[in-house]
Amino acid sequence: MKKVWFITLLTISITHILNAQSIDTLTIGQYNNCNFKTITAAVDFINDNTIQNKTILLLTKDYNPYDSITPETFPIVLKNLIDDDNKSLIITPDSNVEITFTDSTDNVFTIEGIVELRGKNRIHIISNCNSTNSSAITINDSPYTNITIDSCNIYGGTNSDTTFGIFGNGLGQKITANSYITITNNSISRANVGISLNIESTNDSYYSTTIDNNDIGDVRDDYMINRIGIESSSTDGSKDKARISNNNIFSIIGNHSNISGINISGMKHIELYNNLILDIVNESSIENDFAKATGLKITSVDTTVCYNNMISHIAGQETYGIKLTNRESSISEFYYNSVYLCEDNSNINFGDDLTTCFFCDNVSLGRTFLKNNILQNSFGDIYGQTPTTSSCLMLKFTETEPFEWINNNFFSNHNIYYINDLSNGYTSKCIERNSDVCQDFNLGEWNEINNDTTCVDTYPGFTSTSLLKIEESNAIGIPIDGITSDFFGTARNNHRPDAGACEIPHETGSFDFEDEIDFTAYYSEGYIKISSDTHLSGDIYIFDMSGRAITSAKIDGKQLDIKVNDKKGIYVV
């Protein structure tokens, strides 16, 4: 009788405290007079009595999910369906506790509603389940989906071929105005896919998904991610906006089809920056579709902004650093990325293999901007013979005569394209037409077709094959609005930044003149006429507003006429 009386009194007391909004924290533990013995009991109580403010469930050193008398219920359901960010439910450990959750159910945590799981790098979420689609954390659809998962150590199921680290499928219909999913600062390993989200948002005024600063992968054989590091997709794609940044994705190694570091599809807008993608290896023994490996794969996204990413060590029969498939209305922007295809670890030897740093499929659809990137392909004779389609840049067309599309849809300038150690000679890119006709161009031929002289084949000088720092400045880039620093946080040069994800501080180099020079330029009858009171010596470039150098000429004097096409527009000299 005394035991019943004690429980009743405790319930009334907590209800009074919560309603009065005088306490924010409830303790979880089996001993020392903690408020609740399990997370499940606390969450059930809060949902039964309506949360009144932000409430912290503090996991104390006395919390034991496997206590013999009051064990935790698995999966642990974190549910808070109050439509108010000021009334979120926060789960976190105290400063002196490390918690390991282990169970054989389909998932360890299920999260719904306005919930924050903040691990402080002390919560280890381990799934020992080997069933298909099991996960360490599952995010369920709910009327309100404002969810944060931060600083947790996450291990997928023991059968990593079929399990997930964080899994959210069919979250769509409920990502409404001001709803979000934020996944930051976590360590994720031992899974088929590290993070997998399928989302549909009803609001495109902000980023509904943020995946930032996570370590995804593990070099240990039994703990590797074996298919995809991060995948984010949308069934509808009319409004979804996502940001994926500052993640380290490494050792994605397995024998599945289409292994990739990051895989994005069907979204409204995606922004990808400052990600390191390293060692993406397909070990499949099945030829063709099952032997592909891609660092960054983007399919049918309306707007893509991708910059300061480092991608290297991609291995398989078909190997892509970046693979882009356009749709008709898309705009894709790739700035300051470094891609280095440098060695193969897949042990595949089918004889006719493809490696390309950047592959654009359906280039005649949408518009693609490729600026200030380093694309180096140094595979060489990786399988004992030269791959027939090794390239830095590959463009696939459906048009019979594709070159008119290049000038209207594909804008490539200020890039470094470099290939070495190929026994069939230097090939800077391969343009493939009608799905079965392949034509190679050296850089000079490509620049003539592309009407550009700003792309070069300079050796980039990476200091390693993984973290793609450069030995010295190349200063061949052009400033891009809004991108003011490199992968490492170094400020970009305002006049001639370096191509690639790494910036080396250097003098501006925008002019070789010691003094400021005044000159005038105007258009007249097919010419841009340039004049100066000072003798000029050097190269003068004419840029259109996309940053493409449409023409250039040498000047050695005070006047110069540069012939241009009679086309309306705004140009910069």
# chains A, B, ... in the order shown; residues from 1 in each chain; ligands from 1

$ closest_atom_pairs --of "region 450-563 of chain A" --to "region 331-341 of chain A" --cutoff "9 Å" --atoms "only C-alpha atoms" --output "Markdown table"
| residue | atom | partner | partner_atom | distance |
| --- | --- | --- | --- | --- |
| A:Phe462 | CA | A:Tyr340 | CA | 8.9 |
| A:Thr465 | CA | A:Tyr340 | CA | 7.2 |
| A:Ser466 | CA | A:Tyr340 | CA | 8.3 |
| A:Leu468 | CA | A:Ser338 | CA | 7.0 |
| A:Gly477 | CA | A:Tyr336 | CA | 8.5 |
| A:Ile480 | CA | A:Tyr335 | CA | 7.9 |
| A:Ile483 | CA | A:Tyr335 | CA | 8.9 |
| A:Asp486 | CA | A:Tyr336 | CA | 8.0 |
| A:Asp498 | CA | A:Tyr336 | CA | 8.0 |
| A:Ala499 | CA | A:Tyr336 | CA | 5.6 |
| A:Gly500 | CA | A:Tyr336 | CA | 4.3 |
| A:Ala501 | CA | A:Tyr336 | CA | 5.0 |
| A:Cys502 | CA | A:Tyr336 | CA | 8.0 |

$ residues_around --residues "Lys371 (chain A)" --least-positions-apart "6" --cutoff "6 Å" --atoms "only C-alpha atoms" --output "CSV table (one decimal) with N, CA, C and O atoms, in the first residue's frame"
chain,number,residue,atom,x,y,z
A,335,TYR,N,31.5,24.8,-58.1
A,335,TYR,CA,32.6,25.7,-57.9
A,335,TYR,C,33.6,25.2,-56.9
A,335,TYR,O,33.2,24.6,-55.9
A,412,SER,N,31.8,26.0,-68.9
A,412,SER,CA,33.0,25.5,-68.3
A,412,SER,C,34.1,26.5,-68.4
A,412,SER,O,34.5,26.8,-69.6
A,413,ASN,N,34.6,27.0,-67.3
A,413,ASN,CA,35.8,27.9,-67.4
A,413,ASN,C,36.5,28.0,-66.1
A,413,ASN,O,36.0,27.6,-65.1
A,414,HIS,N,37.8,28.4,-66.2
A,414,HIS,CA,38.7,28.5,-65.1
A,414,HIS,C,38.9,27.2,-64.3
A,414,HIS,O,39.0,27.2,-63.1
A,415,ASN,N,38.9,26.1,-65.0
A,415,ASN,CA,39.1,24.8,-64.4
A,415,ASN,C,40.5,24.3,-64.8
A,415,ASN,O,41.0,24.6,-65.8

$ closest_residue --among "A:Arg492, A:Lys87, A:Arg190, A:Lys241" --to "Asp221 (chain A)" --atoms "only C-alpha atoms"
A:Arg190

$ select_by_dssp --residues "region 158-343 of chain A" --states "helix (DSSP H, G or I)" --output "PDB file with all heavy atoms, in the first residue's frame"
ATOM      1  N   GLY A 172       7.296  12.708 -45.819  1.00  0.00           N
ATOM      2  CA  GLY A 172       6.764  13.784 -46.564  1.00  0.00           C
ATOM      3  C   GLY A 172       5.558  14.425 -46.034  1.00  0.00           C
ATOM      4  O   GLY A 172       5.507  15.097 -45.099  1.00  0.00           O
ATOM      5  N   GLN A 173       4.534  14.419 -46.354  1.00  0.00           N
ATOM      6  CA  GLN A 173       3.300  15.076 -46.019  1.00  0.00           C
ATOM      7  C   GLN A 173       3.386  15.912 -44.737  1.00  0.00           C
ATOM      8  O   GLN A 173       2.591  16.771 -44.556  1.00  0.00           O
ATOM      9  CB  GLN A 173       2.192  14.028 -45.892  1.00  0.00           C
ATOM     10  CG  GLN A 173       2.145  13.069 -47.066  1.00  0.00           C
ATOM     11  CD  GLN A 173       1.960  13.784 -48.379  1.00  0.00           C
ATOM     12  OE1 GLN A 173       1.332  14.802 -48.461  1.00  0.00           O
ATOM     13  NE2 GLN A 173       2.556  13.259 -49.409  1.00  0.00           N
ATOM     14  N   LYS A 174       4.260  15.638 -43.814  1.00  0.00           N
ATOM     15  CA  LYS A 174       4.237  16.312 -42.524  1.00  0.00           C
ATOM     16  C   LYS A 174       5.363  17.323 -42.337  1.00  0.00           C
ATOM     17  O   LYS A 174       5.465  17.922 -41.279  1.00  0.00           O
ATOM     18  CB  LYS A 174       4.308  15.277 -41.387  1.00  0.00           C
ATOM     19  CG  LYS A 174       3.235  14.201 -41.492  1.00  0.00           C
ATOM     20  CD  LYS A 174       1.838  14.774 -41.496  1.00  0.00           C
ATOM     21  CE  LYS A 174       0.806  13.671 -41.585  1.00  0.00           C
ATOM     22  NZ  LYS A 174      -0.561  14.177 -41.674  1.00  0.00           N
ATOM     23  N   ASP A 221      36.898  -3.537 -40.745  1.00  0.00           N
ATOM     24  CA  ASP A 221      36.132  -4.376 -41.664  1.00  0.00           C
ATOM     25  C   ASP A 221      34.700  -4.592 -41.218  1.00  0.00           C
ATOM     26  O   ASP A 221      33.776  -4.563 -42.025  1.00  0.00           O
ATOM     27  CB  ASP A 221      36.832  -5.727 -41.842  1.00  0.00           C
ATOM     28  CG  ASP A 221      38.099  -5.626 -42.669  1.00  0.00           C
ATOM     29  OD1 ASP A 221      38.246  -4.607 -43.376  1.00  0.00           O
ATOM     30  OD2 ASP A 221      38.934  -6.541 -42.599  1.00  0.00           O
ATOM     31  N   ASP A 222      34.469  -4.831 -39.966  1.00  0.00           N
ATOM     32  CA  ASP A 222      33.126  -5.160 -39.484  1.00  0.00           C
ATOM     33  C   ASP A 222      32.278  -3.919 -39.190  1.00  0.00           C
ATOM     34  O   ASP A 222      31.134  -4.054 -38.748  1.00  0.00           O
ATOM     35  CB  ASP A 222      33.211  -6.019 -38.216  1.00  0.00           C
ATOM     36  CG  ASP A 222      33.804  -7.389 -38.483  1.00  0.00           C
ATOM     37  OD1 ASP A 222      33.701  -7.853 -39.642  1.00  0.00           O
ATOM     38  OD2 ASP A 222      34.382  -7.977 -37.561  1.00  0.00           O
ATOM     39  N   TYR A 223      32.822  -2.731 -39.418  1.00  0.00           N
ATOM     40  CA  TYR A 223      32.103  -1.515 -39.052  1.00  0.00           C
ATOM     41  C   TYR A 223      31.932  -0.553 -40.224  1.00  0.00           C
ATOM     42  O   TYR A 223      31.452   0.559 -40.048  1.00  0.00           O
ATOM     43  CB  TYR A 223      32.815  -0.803 -37.895  1.00  0.00           C
ATOM     44  CG  TYR A 223      32.657  -1.533 -36.583  1.00  0.00           C
ATOM     45  CD1 TYR A 223      33.531  -2.560 -36.233  1.00  0.00           C
ATOM     46  CD2 TYR A 223      31.629  -1.212 -35.711  1.00  0.00           C
ATOM     47  CE1 TYR A 223      33.380  -3.240 -35.039  1.00  0.00           C
ATOM     48  CE2 TYR A 223      31.467  -1.881 -34.506  1.00  0.00           C
ATOM     49  CZ  TYR A 223      32.350  -2.899 -34.178  1.00  0.00           C
ATOM     50  OH  TYR A 223      32.186  -3.582 -33.001  1.00  0.00           O
ATOM     51  N   ASN A 288      29.046  -4.469 -65.224  1.00  0.00           N
ATOM     52  CA  ASN A 288      28.095  -3.428 -65.634  1.00  0.00           C
ATOM     53  C   ASN A 288      27.417  -2.779 -64.435  1.00  0.00           C
ATOM     54  O   ASN A 288      28.101  -2.300 -63.543  1.00  0.00           O
ATOM     55  CB  ASN A 288      27.088  -3.955 -66.652  1.00  0.00           C
ATOM     56  CG  ASN A 288      27.766  -4.401 -67.937  1.00  0.00           C
ATOM     57  OD1 ASN A 288      28.723  -3.758 -68.370  1.00  0.00           O
ATOM     58  ND2 ASN A 288      27.310  -5.488 -68.510  1.00  0.00           N
ATOM     59  N   ASP A 289      26.085  -2.812 -64.377  1.00  0.00           N
ATOM     60  CA  ASP A 289      25.356  -1.997 -63.415  1.00  0.00           C
ATOM     61  C   ASP A 289      25.764  -2.230 -61.969  1.00  0.00           C
ATOM     62  O   ASP A 289      25.675  -1.337 -61.141  1.00  0.00           O
ATOM     63  CB  ASP A 289      23.850  -2.233 -63.545  1.00  0.00           C
ATOM     64  CG  ASP A 289      23.284  -1.579 -64.792  1.00  0.00           C
ATOM     65  OD1 ASP A 289      23.999  -0.756 -65.387  1.00  0.00           O
ATOM     66  OD2 ASP A 289      22.151  -1.918 -65.172  1.00  0.00           O
ATOM     67  N   PHE A 290      26.194  -3.431 -61.649  1.00  0.00           N
ATOM     68  CA  PHE A 290      26.483  -3.741 -60.255  1.00  0.00           C
ATOM     69  C   PHE A 290      27.898  -3.360 -59.843  1.00  0.00           C
ATOM     70  O   PHE A 290      28.288  -3.600 -58.707  1.00  0.00           O
ATOM     71  CB  PHE A 290      26.236  -5.228 -59.990  1.00  0.00           C
ATOM     72  CG  PHE A 290      24.786  -5.593 -59.993  1.00  0.00           C
ATOM     73  CD1 PHE A 290      24.172  -6.038 -61.145  1.00  0.00           C
ATOM     74  CD2 PHE A 290      24.033  -5.463 -58.838  1.00  0.00           C
ATOM     75  CE1 PHE A 290      22.827  -6.367 -61.147  1.00  0.00           C
ATOM     76  CE2 PHE A 290      22.684  -5.783 -58.831  1.00  0.00           C
ATOM     77  CZ  PHE A 290      22.079  -6.246 -59.990  1.00  0.00           C
ATOM     78  N   ALA A 291      28.670  -2.779 -60.725  1.00  0.00           N
ATOM     79  CA  ALA A 291      30.057  -2.489 -60.391  1.00  0.00           C
ATOM     80  C   ALA A 291      30.373  -0.992 -60.435  1.00  0.00           C
ATOM     81  O   ALA A 291      31.507  -0.602 -60.609  1.00  0.00           O
ATOM     82  CB  ALA A 291      30.989  -3.242 -61.341  1.00  0.00           C
TER      83      ALA A 291
END

$ closest_residue --among "A:Leu58, A:Ile280, A:Cys306, A:Ile114" --to "Glu318 (chain A)" --atoms "only C-alpha atoms"
A:Ile280

$ atom_distance --atom1 "CA of Phe101 (chain A)" --atom2 "CA of Asn192 (chain A)"
19.7 Å

$ atom_distance --atom1 "CA of Gln559 (chain A)" --atom2 "CA of Thr454 (chain A)"
23.5 Å

$ atom_distance --atom1 "CA of Ile76 (chain A)" --atom2 "CA of Ser232 (chain A)"
24.6 Å

$ residues_around --residues "Pro93 (chain A)" --least-positions-apart "5" --cutoff "10 Å" --atoms "only C-alpha atoms" --output "list in words"
Thr27, Ile28, Ile56, Leu57, Leu58, Leu59, Thr60, Lys61, Tyr63, Glu98, Ile99, Leu117, Arg118, Gly119, Lys120, Asn121, Arg122 and Ile123 of chain A

$ residues_around --residues "Glu471 (chain A)" --least-positions-apart "5" --cutoff "12 Å" --atoms "only C-alpha atoms" --output "list in words"
Tyr459, Pro460, Gly461, Phe462, Thr463, Ser464, Asp498, Cys502, Glu503, Ile504 and Pro505 of chain A

$ write_last_selection --atoms "N, CA, C and O atoms" --output "tab-separated table (two decimals), in the first residue's frame"
chain	number	residue	atom	x	y	z
A	459	TYR	N	49.54	20.84	-63.84
A	459	TYR	CA	49.60	19.83	-62.79
A	459	TYR	C	49.14	20.47	-61.48
A	459	TYR	O	49.72	21.45	-61.02
A	460	PRO	N	48.09	19.95	-60.83
A	460	PRO	CA	47.54	20.61	-59.64
A	460	PRO	C	48.48	20.62	-58.44
A	460	PRO	O	48.46	21.54	-57.63
A	461	GLY	N	49.29	19.58	-58.29
A	461	GLY	CA	50.24	19.53	-57.18
A	461	GLY	C	49.59	19.24	-55.84
A	461	GLY	O	49.87	19.93	-54.85
A	462	PHE	N	48.73	18.22	-55.77
A	462	PHE	CA	48.16	17.84	-54.49
A	462	PHE	C	49.25	17.29	-53.58
A	462	PHE	O	50.12	16.53	-54.01
A	463	THR	N	49.19	17.64	-52.30
A	463	THR	CA	50.21	17.19	-51.35
A	463	THR	C	49.95	15.76	-50.87
A	463	THR	O	50.82	15.14	-50.28
A	464	SER	N	48.72	15.25	-51.07
A	464	SER	CA	48.42	13.86	-50.75
A	464	SER	C	47.29	13.41	-51.66
A	464	SER	O	46.71	14.21	-52.39
A	498	ASP	N	42.32	30.53	-56.14
A	498	ASP	CA	42.80	29.26	-56.65
A	498	ASP	C	41.64	28.38	-57.08
A	498	ASP	O	40.58	28.36	-56.44
A	502	CYS	N	41.09	24.05	-52.12
A	502	CYS	CA	42.12	24.62	-51.24
A	502	CYS	C	42.63	25.94	-51.81
A	502	CYS	O	42.94	26.03	-53.00
A	503	GLU	N	42.71	26.95	-50.96
A	503	GLU	CA	43.23	28.26	-51.34
A	503	GLU	C	44.58	28.48	-50.66
A	503	GLU	O	44.71	28.28	-49.44
A	504	ILE	N	45.59	28.89	-51.44
A	504	ILE	CA	46.89	29.26	-50.89
A	504	ILE	C	46.99	30.78	-50.92
A	504	ILE	O	46.85	31.39	-52.00
A	505	PRO	N	47.19	31.44	-49.78
A	505	PRO	CA	47.27	32.91	-49.79
A	505	PRO	C	48.35	33.39	-50.75
A	505	PRO	O	49.47	32.87	-50.77

$ closest_residue --among "A:Glu116, A:Asp556, A:Glu72, A:Glu200" --to "Ala41 (chain A)" --atoms "only C-alpha atoms"
A:Glu72

$ closest_residue --among "A:Leu324, A:Ala491, A:Ile262, A:Ile211" --to "Asn186 (chain A)" --atoms "only C-alpha atoms"
A:Ile211

$ decode --residues "region 65-87 of chain A" --atoms "N, CA, C and O atoms" --output "PDB file, in the first residue's frame"
ATOM      1  N   PRO A  65      19.603   0.810 -18.860  1.00  0.00           N
ATOM      2  CA  PRO A  65      18.493   0.338 -19.697  1.00  0.00           C
ATOM      3  C   PRO A  65      18.219  -1.155 -19.544  1.00  0.00           C
ATOM      4  O   PRO A  65      17.183  -1.641 -19.975  1.00  0.00           O
ATOM      5  N   TYR A  66      19.133  -1.889 -18.898  1.00  0.00           N
ATOM      6  CA  TYR A  66      18.973  -3.333 -18.751  1.00  0.00           C
ATOM      7  C   TYR A  66      18.779  -3.730 -17.284  1.00  0.00           C
ATOM      8  O   TYR A  66      19.039  -4.862 -16.895  1.00  0.00           O
ATOM      9  N   ASP A  67      18.321  -2.785 -16.481  1.00  0.00           N
ATOM     10  CA  ASP A  67      18.086  -3.076 -15.074  1.00  0.00           C
ATOM     11  C   ASP A  67      17.146  -4.283 -14.942  1.00  0.00           C
ATOM     12  O   ASP A  67      16.160  -4.414 -15.687  1.00  0.00           O
ATOM     13  N   SER A  68      17.425  -5.154 -14.016  1.00  0.00           N
ATOM     14  CA  SER A  68      16.660  -6.394 -13.897  1.00  0.00           C
ATOM     15  C   SER A  68      15.227  -6.164 -13.437  1.00  0.00           C
ATOM     16  O   SER A  68      14.326  -6.953 -13.754  1.00  0.00           O
ATOM     17  N   ILE A  69      14.975  -5.076 -12.713  1.00  0.00           N
ATOM     18  CA  ILE A  69      13.629  -4.808 -12.206  1.00  0.00           C
ATOM     19  C   ILE A  69      12.871  -3.849 -13.104  1.00  0.00           C
ATOM     20  O   ILE A  69      11.702  -4.066 -13.437  1.00  0.00           O
ATOM     21  N   THR A  70      13.523  -2.778 -13.533  1.00  0.00           N
ATOM     22  CA  THR A  70      12.853  -1.774 -14.382  1.00  0.00           C
ATOM     23  C   THR A  70      13.668  -1.536 -15.647  1.00  0.00           C
ATOM     24  O   THR A  70      14.294  -0.487 -15.827  1.00  0.00           O
ATOM     25  N   PRO A  71      13.695  -2.504 -16.547  1.00  0.00           N
ATOM     26  CA  PRO A  71      14.462  -2.324 -17.794  1.00  0.00           C
ATOM     27  C   PRO A  71      13.750  -1.381 -18.753  1.00  0.00           C
ATOM     28  O   PRO A  71      12.546  -1.156 -18.649  1.00  0.00           O
ATOM     29  N   GLU A  72      14.521  -0.846 -19.703  1.00  0.00           N
ATOM     30  CA  GLU A  72      13.971   0.030 -20.732  1.00  0.00           C
ATOM     31  C   GLU A  72      13.125  -0.781 -21.700  1.00  0.00           C
ATOM     32  O   GLU A  72      13.356  -1.975 -21.914  1.00  0.00           O
ATOM     33  N   THR A  73      12.126  -0.142 -22.287  1.00  0.00           N
ATOM     34  CA  THR A  73      11.323  -0.754 -23.331  1.00  0.00           C
ATOM     35  C   THR A  73      11.908  -0.394 -24.692  1.00  0.00           C
ATOM     36  O   THR A  73      12.141   0.783 -24.976  1.00  0.00           O
ATOM     37  N   PHE A  74      12.160  -1.410 -25.528  1.00  0.00           N
ATOM     38  CA  PHE A  74      12.713  -1.172 -26.861  1.00  0.00           C
ATOM     39  C   PHE A  74      11.680  -1.487 -27.928  1.00  0.00           C
ATOM     40  O   PHE A  74      10.916  -2.439 -27.789  1.00  0.00           O
ATOM     41  N   PRO A  75      11.645  -0.739 -29.023  1.00  0.00           N
ATOM     42  CA  PRO A  75      12.424   0.481 -29.235  1.00  0.00           C
ATOM     43  C   PRO A  75      11.985   1.604 -28.297  1.00  0.00           C
ATOM     44  O   PRO A  75      10.826   1.656 -27.893  1.00  0.00           O
ATOM     45  N   ILE A  76      12.910   2.491 -28.001  1.00  0.00           N
ATOM     46  CA  ILE A  76      12.600   3.635 -27.155  1.00  0.00           C
ATOM     47  C   ILE A  76      11.936   4.687 -28.031  1.00  0.00           C
ATOM     48  O   ILE A  76      12.552   5.194 -28.969  1.00  0.00           O
ATOM     49  N   VAL A  77      10.692   5.005 -27.751  1.00  0.00           N
ATOM     50  CA  VAL A  77       9.933   5.941 -28.577  1.00  0.00           C
ATOM     51  C   VAL A  77      10.010   7.333 -27.959  1.00  0.00           C
ATOM     52  O   VAL A  77       9.546   7.556 -26.838  1.00  0.00           O
ATOM     53  N   LEU A  78      10.652   8.268 -28.693  1.00  0.00           N
ATOM     54  CA  LEU A  78      10.736   9.667 -28.271  1.00  0.00           C
ATOM     55  C   LEU A  78       9.663  10.425 -29.023  1.00  0.00           C
ATOM     56  O   LEU A  78       9.805  10.697 -30.209  1.00  0.00           O
ATOM     57  N   LYS A  79       8.573  10.750 -28.328  1.00  0.00           N
ATOM     58  CA  LYS A  79       7.416  11.334 -28.999  1.00  0.00           C
ATOM     59  C   LYS A  79       7.014  12.624 -28.286  1.00  0.00           C
ATOM     60  O   LYS A  79       6.889  12.665 -27.073  1.00  0.00           O
ATOM     61  N   ASN A  80       6.824  13.674 -29.102  1.00  0.00           N
ATOM     62  CA  ASN A  80       6.316  14.944 -28.580  1.00  0.00           C
ATOM     63  C   ASN A  80       5.566  15.620 -29.711  1.00  0.00           C
ATOM     64  O   ASN A  80       6.172  16.147 -30.635  1.00  0.00           O
ATOM     65  N   LEU A  81       4.263  15.597 -29.644  1.00  0.00           N
ATOM     66  CA  LEU A  81       3.442  16.070 -30.752  1.00  0.00           C
ATOM     67  C   LEU A  81       2.837  17.438 -30.473  1.00  0.00           C
ATOM     68  O   LEU A  81       1.793  17.792 -31.020  1.00  0.00           O
ATOM     69  N   ILE A  82       3.492  18.233 -29.645  1.00  0.00           N
ATOM     70  CA  ILE A  82       3.048  19.610 -29.397  1.00  0.00           C
ATOM     71  C   ILE A  82       3.580  20.501 -30.512  1.00  0.00           C
ATOM     72  O   ILE A  82       4.774  20.498 -30.807  1.00  0.00           O
ATOM     73  N   ASP A  83       2.727  21.289 -31.139  1.00  0.00           N
ATOM     74  CA  ASP A  83       3.124  22.138 -32.267  1.00  0.00           C
ATOM     75  C   ASP A  83       3.695  23.451 -31.757  1.00  0.00           C
ATOM     76  O   ASP A  83       3.109  24.516 -31.924  1.00  0.00           O
ATOM     77  N   ASP A  84       4.862  23.381 -31.095  1.00  0.00           N
ATOM     78  CA  ASP A  84       5.450  24.587 -30.521  1.00  0.00           C
ATOM     79  C   ASP A  84       6.911  24.299 -30.216  1.00  0.00           C
ATOM     80  O   ASP A  84       7.236  23.467 -29.369  1.00  0.00           O
ATOM     81  N   ASP A  85       7.823  25.011 -30.912  1.00  0.00           N
ATOM     82  CA  ASP A  85       9.253  24.793 -30.693  1.00  0.00           C
ATOM     83  C   ASP A  85       9.687  25.130 -29.273  1.00  0.00           C
ATOM     84  O   ASP A  85      10.721  24.668 -28.796  1.00  0.00           O
ATOM     85  N   ASN A  86       8.931  25.976 -28.595  1.00  0.00           N
ATOM     86  CA  ASN A  86       9.264  26.342 -27.223  1.00  0.00           C
ATOM     87  C   ASN A  86       8.924  25.235 -26.229  1.00  0.00           C
ATOM     88  O   ASN A  86       9.163  25.387 -25.031  1.00  0.00           O
ATOM     89  N   LYS A  87       8.349  24.155 -26.723  1.00  0.00           N
ATOM     90  CA  LYS A  87       7.965  23.044 -25.854  1.00  0.00           C
ATOM     91  C   LYS A  87       8.597  21.745 -26.338  1.00  0.00           C
ATOM     92  O   LYS A  87       7.972  20.686 -26.355  1.00  0.00           O
TER      93      LYS A  87
END
